>>> print(open('query16.tsv').read())   # TSV, C-alpha atoms and all ligand atoms
chain	number	residue	atom	x	y	z
X	1	MET	CA	7.27	-10.40	-4.82
X	2	GLN	CA	6.12	-13.97	-4.91
X	3	VAL	CA	2.38	-14.43	-5.52
X	4	HIS	CA	0.59	-17.74	-5.12
X	5	HIS	CA	-2.48	-18.84	-7.02
X	6	PHE	CA	-4.29	-22.12	-7.66
X	7	ASP	CA	-5.49	-21.60	-11.18
X	8	ALA	CA	-4.95	-25.24	-12.11
X	9	GLN	CA	-7.80	-26.11	-9.74
X	10	PRO	CA	-10.64	-23.93	-11.07
X	11	LEU	CA	-13.87	-23.51	-9.15
X	12	VAL	CA	-16.48	-25.74	-10.74
X	13	VAL	CA	-20.04	-24.51	-10.19
X	14	PRO	CA	-23.32	-25.41	-11.89
X	15	PRO	CA	-24.30	-23.29	-14.91
X	16	GLY	CA	-25.95	-20.03	-13.87
X	17	HIS	CA	-24.56	-20.15	-10.32
X	18	ARG	CA	-24.29	-16.63	-8.91
X	19	PHE	CA	-20.70	-16.97	-7.67
X	20	PRO	CA	-18.32	-15.05	-10.00
X	21	HIS	CA	-15.99	-18.01	-10.52
X	22	HIS	CA	-14.22	-16.40	-13.52
X	23	LYS	CA	-12.71	-13.68	-11.34
X	24	TYR	CA	-9.70	-15.72	-10.20
X	25	ARG	CA	-8.49	-16.52	-13.70
X	26	ALA	CA	-9.19	-12.94	-14.79
X	27	LEU	CA	-7.10	-11.50	-11.95
X	28	LEU	CA	-4.23	-13.85	-12.74
X	29	GLU	CA	-4.36	-12.76	-16.39
X	30	ARG	CA	-4.37	-9.09	-15.42
X	31	LEU	CA	-1.22	-9.65	-13.38
X	32	GLN	CA	0.76	-11.36	-16.15
X	33	GLY	CA	3.53	-8.98	-17.10
X	34	GLU	CA	3.34	-6.86	-13.95
X	35	PRO	CA	6.89	-6.03	-12.93
X	36	ASP	CA	8.46	-7.68	-9.90
X	37	LEU	CA	5.83	-10.38	-9.52
X	38	ARG	CA	6.61	-14.07	-9.55
X	39	LEU	CA	3.32	-15.92	-10.09
X	40	LYS	CA	3.43	-19.40	-8.68
X	41	GLN	CA	1.04	-22.34	-8.60
X	42	ALA	CA	0.40	-23.29	-4.97
X	43	PRO	CA	0.76	-26.82	-3.60
X	44	ALA	CA	-2.11	-28.54	-1.84
X	45	ALA	CA	-2.29	-28.23	1.93
X	46	GLY	CA	-1.99	-31.50	3.78
X	47	TRP	CA	-5.00	-32.86	5.62
X	48	SER	CA	-3.05	-32.73	8.88
X	49	ASP	CA	-2.54	-28.98	8.42
X	50	ILE	CA	-6.25	-28.52	7.73
X	51	GLU	CA	-7.14	-30.62	10.78
X	52	ARG	CA	-5.32	-28.20	13.07
X	53	VAL	CA	-8.48	-26.12	12.65
X	54	HIS	CA	-11.21	-28.34	11.23
X	55	GLU	CA	-12.81	-31.35	12.84
X	56	PRO	CA	-11.74	-34.62	11.20
X	57	GLY	CA	-15.37	-35.64	10.62
X	58	TYR	CA	-16.10	-32.48	8.62
X	59	VAL	CA	-12.81	-32.79	6.72
X	60	ALA	CA	-13.67	-36.39	5.80
X	61	ARG	CA	-17.13	-35.36	4.55
X	62	VAL	CA	-15.58	-32.70	2.31
X	63	ARG	CA	-12.93	-35.13	1.08
X	64	ASP	CA	-15.20	-38.09	0.44
X	65	GLY	CA	-18.40	-36.43	-0.69
X	66	GLY	CA	-20.31	-37.10	2.52
X	67	LEU	CA	-21.63	-33.58	3.09
X	68	SER	CA	-25.36	-33.46	3.79
X	69	ALA	CA	-27.68	-31.40	1.60
X	70	ALA	CA	-27.93	-28.85	4.41
X	71	GLU	CA	-24.13	-28.60	4.70
X	72	GLN	CA	-23.82	-28.06	0.95
X	73	ARG	CA	-26.53	-25.40	1.04
X	74	GLU	CA	-24.71	-23.59	3.83
X	75	ILE	CA	-21.46	-23.67	1.84
X	76	GLY	CA	-23.33	-22.41	-1.21
X	77	PHE	CA	-21.80	-24.85	-3.69
X	78	PRO	CA	-22.94	-28.40	-4.40
X	79	TRP	CA	-20.22	-30.97	-3.70
X	80	ASN	CA	-18.29	-32.34	-6.64
X	81	PRO	CA	-14.92	-34.14	-6.72
X	82	ASP	CA	-13.16	-30.84	-7.50
X	83	MET	CA	-14.33	-29.25	-4.26
X	84	PRO	CA	-11.87	-30.92	-1.85
X	85	VAL	CA	-8.98	-30.55	-4.31
X	86	ARG	CA	-9.61	-26.87	-4.83
X	87	ALA	CA	-10.15	-26.25	-1.12
X	88	GLN	CA	-6.83	-27.95	-0.33
X	89	HIS	CA	-5.04	-25.75	-2.84
X	90	SER	CA	-6.74	-22.59	-1.61
X	91	VAL	CA	-5.43	-23.32	1.88
X	92	GLY	CA	-2.11	-24.40	0.38
X	93	ALA	CA	-1.74	-21.04	-1.35
X	94	THR	CA	-2.20	-19.18	1.93
X	95	LEU	CA	0.25	-21.52	3.68
X	96	ALA	CA	2.80	-21.03	0.91
X	97	ALA	CA	2.28	-17.25	0.98
X	98	THR	CA	2.80	-17.32	4.74
X	99	GLN	CA	6.13	-19.10	4.34
X	100	VAL	CA	7.14	-16.44	1.83
X	101	ALA	CA	6.04	-13.66	4.18
X	102	LEU	CA	8.25	-15.04	6.95
X	103	GLU	CA	11.25	-14.59	4.68
X	104	GLU	CA	10.32	-11.55	2.61
X	105	GLY	CA	7.87	-9.59	4.77
X	106	VAL	CA	4.92	-10.04	2.40
X	107	GLY	CA	3.27	-13.05	0.80
X	108	LEU	CA	0.11	-13.01	-1.28
X	109	ASN	CA	-2.59	-15.49	-2.27
X	110	LEU	CA	-4.75	-14.48	-5.23
X	111	GLY	CA	-7.66	-16.27	-3.56
X	112	GLY	CA	-8.28	-17.35	0.02
X	113	GLY	CA	-9.84	-15.37	2.83
X	114	THR	CA	-12.56	-17.99	3.29
X	115	HIS	CA	-13.47	-16.61	6.68
X	116	HIS	CA	-16.98	-18.03	7.08
X	117	ALA	CA	-15.68	-21.58	7.54
X	118	ARG	CA	-15.54	-22.72	11.16
X	119	ALA	CA	-14.14	-25.87	12.76
X	120	ASP	CA	-17.01	-28.20	11.94
X	121	ALA	CA	-18.72	-26.56	8.97
X	122	GLY	CA	-18.32	-24.41	5.89
X	123	GLY	CA	-20.54	-21.49	4.97
X	124	GLY	CA	-20.96	-18.50	2.66
X	125	PHE	CA	-18.86	-19.93	-0.23
X	126	CYS	CA	-16.14	-21.06	2.22
X	127	VAL	CA	-15.09	-24.70	2.67
X	128	PHE	CA	-11.96	-24.46	4.83
X	129	ASN	CA	-10.64	-21.42	6.69
X	130	ASP	CA	-7.26	-20.83	5.05
X	131	VAL	CA	-6.17	-17.99	7.32
X	132	ALA	CA	-7.05	-19.94	10.46
X	133	VAL	CA	-5.09	-22.96	9.19
X	134	ALA	CA	-2.05	-20.80	8.41
X	135	ALA	CA	-2.24	-19.07	11.80
X	136	ARG	CA	-2.32	-22.45	13.52
X	137	TRP	CA	0.61	-23.59	11.40
X	138	LEU	CA	2.62	-20.54	12.52
X	139	GLN	CA	1.92	-21.39	16.14
X	140	ALA	CA	2.49	-25.14	15.79
X	141	SER	CA	5.82	-24.64	14.03
X	142	ALA	CA	6.88	-21.93	16.52
X	143	ARG	CA	7.33	-19.35	13.73
X	144	ALA	CA	4.92	-16.95	15.40
X	145	GLU	CA	2.79	-17.06	18.48
X	146	ARG	CA	0.89	-13.77	18.46
X	147	VAL	CA	-1.09	-13.37	15.29
X	148	LEU	CA	-3.28	-10.52	14.08
X	149	VAL	CA	-6.10	-10.97	11.57
X	150	ILE	CA	-7.19	-7.76	9.84
X	151	ASP	CA	-10.39	-8.69	8.06
X	152	LEU	CA	-11.66	-5.88	5.82
X	153	ASP	CA	-13.88	-8.08	3.67
X	154	VAL	CA	-17.32	-6.49	3.81
X	155	HIS	CA	-18.79	-9.59	5.47
X	156	GLN	CA	-18.08	-10.32	9.11
X	157	GLY	CA	-15.36	-12.91	9.77
X	158	ASN	CA	-17.59	-15.18	11.84
X	159	GLY	CA	-15.72	-18.42	11.15
X	160	THR	CA	-12.33	-16.98	12.06
X	161	ALA	CA	-13.81	-15.38	15.18
X	162	ALA	CA	-15.26	-18.73	16.24
X	163	VAL	CA	-11.99	-20.62	15.69
X	164	PHE	CA	-9.98	-18.19	17.82
X	165	ALA	CA	-12.64	-17.25	20.37
X	166	ASN	CA	-10.65	-18.84	23.20
X	167	ASP	CA	-7.14	-18.04	22.00
X	168	PRO	CA	-5.89	-14.71	23.35
X	169	ARG	CA	-2.75	-15.09	21.21
X	170	VAL	CA	-4.80	-14.38	18.08
X	171	PHE	CA	-6.47	-10.99	17.71
X	172	THR	CA	-9.28	-10.86	15.18
X	173	LEU	CA	-10.39	-7.50	13.79
X	174	SER	CA	-13.40	-7.35	11.46
X	175	LEU	CA	-14.77	-4.21	9.78
X	176	HIS	CA	-17.97	-5.11	8.00
X	177	GLY	CA	-21.46	-4.13	6.94
X	178	GLU	CA	-23.80	-4.38	9.90
X	179	LYS	CA	-26.79	-5.40	7.75
X	180	ASN	CA	-24.86	-7.86	5.63
X	181	PHE	CA	-24.26	-11.62	5.76
X	182	PRO	CA	-23.69	-13.38	8.16
X	183	PHE	CA	-26.83	-12.31	9.95
X	184	ARG	CA	-25.81	-14.08	13.13
X	185	LYS	CA	-22.35	-12.74	13.84
X	186	VAL	CA	-19.74	-14.34	16.11
X	187	ALA	CA	-17.81	-11.89	18.28
X	188	SER	CA	-14.30	-11.10	17.03
X	189	SER	CA	-11.70	-9.54	19.33
X	190	LEU	CA	-12.85	-6.26	17.79
X	191	ASP	CA	-15.89	-5.85	15.54
X	192	VAL	CA	-16.74	-2.63	13.75
X	193	ASP	CA	-20.27	-2.58	12.33
X	194	LEU	CA	-20.76	-0.14	9.48
X	195	PRO	CA	-24.08	1.14	8.09
X	196	ASP	CA	-25.22	0.73	4.48
X	197	ASP	CA	-23.83	3.45	2.17
X	198	CYS	CA	-21.18	4.15	4.77
X	199	GLY	CA	-19.08	6.24	2.39
X	200	ASP	CA	-15.37	6.92	2.17
X	201	ALA	CA	-14.73	9.34	5.01
X	202	ALA	CA	-16.67	7.43	7.65
X	203	TYR	CA	-15.10	4.14	6.57
X	204	LEU	CA	-11.53	5.41	6.71
X	205	ALA	CA	-12.14	7.09	10.06
X	206	ALA	CA	-13.50	3.80	11.41
X	207	LEU	CA	-10.45	1.97	10.06
X	208	ASP	CA	-8.04	4.42	11.70
X	209	ALA	CA	-9.86	4.08	15.02
X	210	ALA	CA	-9.85	0.31	14.75
X	211	LEU	CA	-6.11	0.12	14.01
X	212	ALA	CA	-5.43	2.45	16.95
X	213	ALA	CA	-7.52	0.17	19.15
X	214	VAL	CA	-5.60	-2.89	17.97
X	215	ALA	CA	-2.33	-1.15	18.81
X	216	ALA	CA	-3.64	-0.39	22.29
X	217	ARG	CA	-5.14	-3.80	22.97
X	218	PHE	CA	-2.81	-6.31	21.29
X	219	ASP	CA	0.85	-6.07	22.18
X	220	GLY	CA	3.56	-7.23	19.84
X	221	PRO	CA	1.86	-9.03	16.95
X	222	GLN	CA	4.48	-11.22	15.28
X	223	PHE	CA	2.55	-11.92	12.12
X	224	ALA	CA	-0.57	-10.60	10.38
X	225	PHE	CA	-3.12	-11.76	7.85
X	226	TYR	CA	-4.88	-9.14	5.77
X	227	LEU	CA	-8.19	-10.07	4.13
X	228	ALA	CA	-8.32	-7.42	1.44
X	229	GLY	CA	-11.88	-8.10	0.27
X	230	ALA	CA	-12.90	-6.02	-2.75
X	231	ASP	CA	-16.53	-6.20	-1.72
X	232	PRO	CA	-16.78	-2.89	0.21
X	233	HIS	CA	-16.39	-1.25	-3.23
X	234	GLU	CA	-19.28	0.67	-4.80
X	235	GLY	CA	-19.23	-1.68	-7.80
X	236	ASP	CA	-20.01	-4.71	-5.64
X	237	ARG	CA	-23.46	-6.20	-5.88
X	238	LEU	CA	-23.46	-7.61	-2.34
X	239	GLY	CA	-21.34	-5.10	-0.46
X	240	ARG	CA	-23.71	-2.21	0.35
X	241	LEU	CA	-20.96	0.07	1.72
X	242	ARG	CA	-20.20	1.79	-1.59
X	243	LEU	CA	-16.61	2.86	-1.17
X	244	SER	CA	-14.92	4.59	-4.09
X	245	SER	CA	-11.90	3.05	-5.81
X	246	GLY	CA	-9.79	5.80	-4.27
X	247	ALA	CA	-10.92	4.93	-0.77
X	248	MET	CA	-10.20	1.24	-1.39
X	249	ALA	CA	-6.61	2.17	-2.25
X	250	VAL	CA	-6.30	4.39	0.83
X	251	ARG	CA	-7.67	1.52	2.92
X	252	ASP	CA	-4.99	-0.89	1.71
X	253	ALA	CA	-2.24	1.72	2.08
X	254	ARG	CA	-3.21	2.48	5.67
X	255	VAL	CA	-3.14	-1.19	6.61
X	256	PHE	CA	0.25	-1.66	4.96
X	257	ASP	CA	1.66	1.51	6.59
X	258	TRP	CA	0.44	0.35	9.99
X	259	LEU	CA	2.09	-3.06	9.52
X	260	TRP	CA	5.31	-1.55	8.21
X	261	ALA	CA	5.57	0.87	11.14
X	262	ARG	CA	5.62	-2.19	13.40
X	263	ARG	CA	7.60	-4.41	11.03
X	264	VAL	CA	4.91	-7.08	11.11
X	265	PRO	CA	5.13	-9.55	8.22
X	266	VAL	CA	1.85	-10.14	6.45
X	267	THR	CA	0.05	-12.62	4.26
X	268	VAL	CA	-2.43	-10.85	1.99
X	269	VAL	CA	-5.46	-12.81	0.76
X	270	MET	CA	-8.01	-11.46	-1.70
X	271	ALA	CA	-11.24	-12.64	0.02
X	272	GLY	CA	-14.59	-11.49	-1.40
X	273	GLY	CA	-15.68	-9.57	-4.48
X	274	TYR	CA	-18.99	-9.89	-6.36
X	275	PRO	CA	-18.63	-7.43	-9.19
X	276	THR	CA	-21.30	-5.82	-11.30
X	277	ASP	CA	-18.39	-4.80	-13.54
X	278	LEU	CA	-15.55	-7.33	-13.46
X	279	GLU	CA	-12.90	-5.00	-14.88
X	280	ARG	CA	-13.59	-2.35	-12.23
X	281	MET	CA	-13.25	-4.91	-9.47
X	282	LEU	CA	-10.04	-6.19	-11.01
X	283	ASP	CA	-8.70	-2.62	-10.97
X	284	VAL	CA	-9.25	-2.61	-7.20
X	285	GLN	CA	-7.59	-6.00	-6.73
X	286	VAL	CA	-4.64	-5.22	-9.00
X	287	ASN	CA	-4.11	-2.09	-6.98
X	288	THR	CA	-4.08	-4.13	-3.77
X	289	VAL	CA	-1.38	-6.34	-5.29
X	290	ARG	CA	0.64	-3.29	-6.36
X	291	LEU	CA	0.43	-1.75	-2.90
X	292	ALA	CA	1.48	-5.07	-1.38
X	293	ARG	CA	4.44	-5.04	-3.76
X	294	GLY	CA	5.25	-1.55	-2.44
X	295	LEU	CA	5.32	-2.97	1.07
X	296	TRP	CA	7.51	-5.83	-0.13
X	297	SER	CA	9.92	-3.26	-1.61
X	298	ARG	CA	10.17	-1.54	1.74
X	299	TRP	CA	11.20	-4.81	3.38
X	300	ASN	CA	13.58	-5.47	0.51
X	301	ASN	CA	15.17	-2.02	0.62
X	302	ALA	CA	15.56	-2.27	4.36
X	303	GLY	CA	17.69	-5.35	3.74
X	304	HIS	CA	15.44	-7.52	5.80
X	305	PHE	CA	15.78	-10.50	3.51
X	306	PRO	CA	19.02	-11.33	1.81
X	307	GLU	CA	17.87	-13.23	-1.25
X	308	THR	CA	16.03	-11.59	-4.10
X	309	PRO	CA	15.30	-13.24	-7.43
X	401	ZN	ZN	-17.18	-10.87	1.56
>>> encode(input="query16.tsv", output="structure tokens")
Amino acid sequence: MQVHHFDAQPLVVPPGHRFPHHKYRALLERLQGEPDLRLKQAPAAGWSDIERVHEPGYVARVRDGGLSAAEQREIGFPWNPDMPVRAQHSVGATLAATQVALEEGVGLNLGGGTHHARADAGGGFCVFNDVAVAARWLQASARAERVLVIDLDVHQGNGTAAVFANDPRVFTLSLHGEKNFPFRKVASSLDVDLPDDCGDAAYLAALDAALAAVAARFDGPQFAFYLAGADPHEGDRLGRLRLSSGAMAVRDARVFDWLWARRVPVTVVMAGGYPTDLERMLDVQVNTVRLARGLWSRWNNAGHFPETP
């Protein structure tokens, strides 16, 4: 399975910043030597791809350092010259993974899932909305028209919901903590609010119900994006839902089984994760990658794609 990353464009944050910027490199290192993975540096997305979703004025302010203090506060990172470069590569990794998924059934970006970014603004550690850009690329290039976004990051996918609010061809599902950021939520096609300390059984029951509702309400998805946030995990310092590692694995498996049953290709993005214990969070993320590889093997064994490395 081909896996895209953008490790050559590290996240540069001021000393003491609370964002766990080491996690990307650490995940990449954990995956070195995993069988059947081809780790690949992603190209930058073009500005014209990004502008299918984002307003040119906002894109220019990110590119040229013209973001106001308020805009930078909302993003959560101060602007520096690395910000636009990294943001372009983060989107580029999801675009590249999406091209892979069209051919092989599954593509994966070791970052991405920046779902709080909307057309004219960033927010919540998100500059550009990679999944929205890739969904628009699928539509613009006539690769797929009907797109499903399964957002299981613990935070509501407000930016993605806003981008696709008036596009019935894109179904946005978000399962998230009711009391968590963002405090003003934007309606997705289907939102599932979960209470603090939700626990494994209630979470998985809610996921099953949500996937059944998607099947009933959204006919014939041609492509899916899965935001496999690690932040519902009990080791997360922002998540509040406290799912066990076992439940996180069952979560991923149920999503992949649902997609496989319908033969829907998927781009998997890692989205959030704010670990108290980095290694435990990496265990969750590595497992997501392994389960995605299992899905990739199913496509491969079914002979869906002719060329394997
Ligand atoms: Zn999150």
>>> atom_distance(input="query16.tsv", atom1="atom CA of Pro265 of chain X", atom2="atom CA of Val284 of chain X")
22.2 Å
>>> residues_around(input="query16.tsv", residues="segment 270-280 of chain X", least_positions_apart="5", cutoff="8 Å", atoms="only C-alpha atoms", output="ChimeraX atom specification")
/X:19-20,23,109-114,153-154,227-231,235-239,285
>>> closest_residue(input="query16.tsv", among="X:Arg63, X:His176, X:His89, X:His54", to="Asp120 of chain X", atoms="all atoms listed in the file")
X:His54
>>> closest_residue(input="query16.tsv", among="X:Thr288, X:Gly124, X:Phe225, X:Arg169", to="ligand ZN 401 (chain X)", atoms="all atoms listed in the file")
X:Gly124
>>> residues_around(input="query16.tsv", residues="segment 5-18 of chain X", least_positions_apart="2", cutoff="10 Å", atoms="only C-alpha atoms", output="count of residues only")
40
>>> residues_around(input="query16.tsv", residues="Glu145 of chain X", least_positions_apart="5", cutoff="10 Å", atoms="all atoms listed in the file", output="PyMOL selection string")
chain X and resi 135-140+169-170+220-223
>>> atom_distance(input="query16.tsv", atom1="atom CA of Ala261 of chain X", atom2="atom CA of Ala224 of chain X")
13.0 Å
>>> residues_around(input="query16.tsv", residues="Asn166 of chain X", least_positions_apart="4", cutoff="12 Å", atoms="all atoms listed in the file", output="PDB file with C-alpha atoms, in the coordinates of the input")
ATOM      1  CA  THR X 160     -12.330 -16.980  12.060  1.00  0.00           C
ATOM      2  CA  ALA X 161     -13.810 -15.380  15.180  1.00  0.00           C
ATOM      3  CA  ALA X 162     -15.260 -18.730  16.240  1.00  0.00           C
ATOM      4  CA  VAL X 170      -4.800 -14.380  18.080  1.00  0.00           C
ATOM      5  CA  PHE X 171      -6.470 -10.990  17.710  1.00  0.00           C
ATOM      6  CA  THR X 172      -9.280 -10.860  15.180  1.00  0.00           C
ATOM      7  CA  ALA X 187     -17.810 -11.890  18.280  1.00  0.00           C
ATOM      8  CA  SER X 188     -14.300 -11.100  17.030  1.00  0.00           C
ATOM      9  CA  SER X 189     -11.700  -9.540  19.330  1.00  0.00           C
TER      10      SER X 189
END
>>> axis_aligned_box(input="query16.tsv", around="segment 69-76 of chain X", padding_each_side="4 Å", output="AutoDock Vina command-line options")
--center_x -24.7 --center_y -26.9 --center_z 1.7 --size_x 14.5 --size_y 17.0 --size_z 13.9
>>> closest_atom_pairs(input="query16.tsv", of="segment 96-171 of chain X", to="segment 291-302 of chain X", cutoff="7 Å", atoms="all atoms listed in the file", output="CSV")
residue,atom,partner,partner_atom,distance
X:Glu104,CA,X:Trp299,CA,6.8
X:Gly105,CA,X:Trp299,CA,6.0
X:Val106,CA,X:Trp296,CA,5.6
>>> write_last_selection(input="query16.tsv", atoms="C-alpha atoms", output="PDB file, in the coordinates of the input")
ATOM      1  CA  GLU X 104      10.320 -11.550   2.610  1.00  0.00           C
ATOM      2  CA  GLY X 105       7.870  -9.590   4.770  1.00  0.00           C
ATOM      3  CA  VAL X 106       4.920 -10.040   2.400  1.00  0.00           C
TER       4      VAL X 106
END
>>> atom_distance(input="query16.tsv", atom1="atom CA of Leu67 of chain X", atom2="atom CA of Asn129 of chain X")
16.8 Å
>>> residues_around(input="query16.tsv", residues="Leu37 of chain X", least_positions_apart="6", cutoff="10 Å", atoms="only C-alpha atoms", output="ChimeraX atom specification")
/X:1-3,31,289-290,293
>>> closest_residue(input="query16.tsv", among="X:Asp200, X:Leu241, X:Ala209, X:Thr98", to="Lys179 of chain X", atoms="only C-alpha atoms")
X:Leu241
>>> closest_residue(input="query16.tsv", among="X:Phe218, X:Tyr226, X:Trp258, X:Trp47", to="His115 of chain X", atoms="all atoms listed in the file")
X:Tyr226
>>> build_atoms(input="query16.tsv", residues="segment 281-296 of chain X", atoms="N, CA and C atoms", output="JSON list (two decimals), keeping the file's coordinate frame")
[["chain", "number", "residue", "atom", "x", "y", "z"],
["X", 281, "MET", "N", -13.69, -4.21, -10.67],
["X", 281, "MET", "CA", -13.25, -4.91, -9.47],
["X", 281, "MET", "C", -11.79, -5.34, -9.60],
["X", 282, "LEU", "N", -11.43, -5.78, -10.80],
["X", 282, "LEU", "CA", -10.04, -6.19, -11.01],
["X", 282, "LEU", "C", -9.09, -5.01, -10.82],
["X", 283, "ASP", "N", -9.53, -3.81, -11.21],
["X", 283, "ASP", "CA", -8.70, -2.62, -10.97],
["X", 283, "ASP", "C", -8.40, -2.49, -9.47],
["X", 284, "VAL", "N", -9.42, -2.71, -8.66],
["X", 284, "VAL", "CA", -9.25, -2.61, -7.20],
["X", 284, "VAL", "C", -8.26, -3.68, -6.72],
["X", 285, "GLN", "N", -8.45, -4.90, -7.20],
["X", 285, "GLN", "CA", -7.59, -6.00, -6.73],
["X", 285, "GLN", "C", -6.15, -5.85, -7.23],
["X", 286, "VAL", "N", -6.00, -5.44, -8.47],
["X", 286, "VAL", "CA", -4.64, -5.22, -9.00],
["X", 286, "VAL", "C", -3.94, -4.15, -8.18],
["X", 287, "ASN", "N", -4.71, -3.14, -7.80],
["X", 287, "ASN", "CA", -4.11, -2.09, -6.98],
["X", 287, "ASN", "C", -3.67, -2.62, -5.61],
["X", 288, "THR", "N", -4.48, -3.51, -5.04],
["X", 288, "THR", "CA", -4.08, -4.13, -3.77],
["X", 288, "THR", "C", -2.76, -4.87, -3.94],
["X", 289, "VAL", "N", -2.63, -5.60, -5.04],
["X", 289, "VAL", "CA", -1.38, -6.34, -5.29],
["X", 289, "VAL", "C", -0.21, -5.36, -5.45],
["X", 290, "ARG", "N", -0.45, -4.27, -6.16],
["X", 290, "ARG", "CA", 0.64, -3.29, -6.36],
["X", 290, "ARG", "C", 1.06, -2.65, -5.04],
["X", 291, "LEU", "N", 0.09, -2.34, -4.20],
["X", 291, "LEU", "CA", 0.43, -1.75, -2.90],
["X", 291, "LEU", "C", 1.16, -2.76, -2.03],
["X", 292, "ALA", "N", 0.76, -4.02, -2.12],
["X", 292, "ALA", "CA", 1.48, -5.07, -1.38],
["X", 292, "ALA", "C", 2.92, -5.16, -1.88],
["X", 293, "ARG", "N", 3.08, -5.03, -3.19],
["X", 293, "ARG", "CA", 4.44, -5.04, -3.76],
["X", 293, "ARG", "C", 5.25, -3.84, -3.23],
["X", 294, "GLY", "N", 4.58, -2.71, -3.03],
["X", 294, "GLY", "CA", 5.25, -1.55, -2.44],
["X", 294, "GLY", "C", 5.74, -1.85, -1.03],
["X", 295, "LEU", "N", 4.91, -2.57, -0.29],
["X", 295, "LEU", "CA", 5.32, -2.97, 1.07],
["X", 295, "LEU", "C", 6.50, -3.94, 1.01],
["X", 296, "TRP", "N", 6.42, -4.86, 0.08],
["X", 296, "TRP", "CA", 7.51, -5.83, -0.13],
["X", 296, "TRP", "C", 8.81, -5.10, -0.46]]
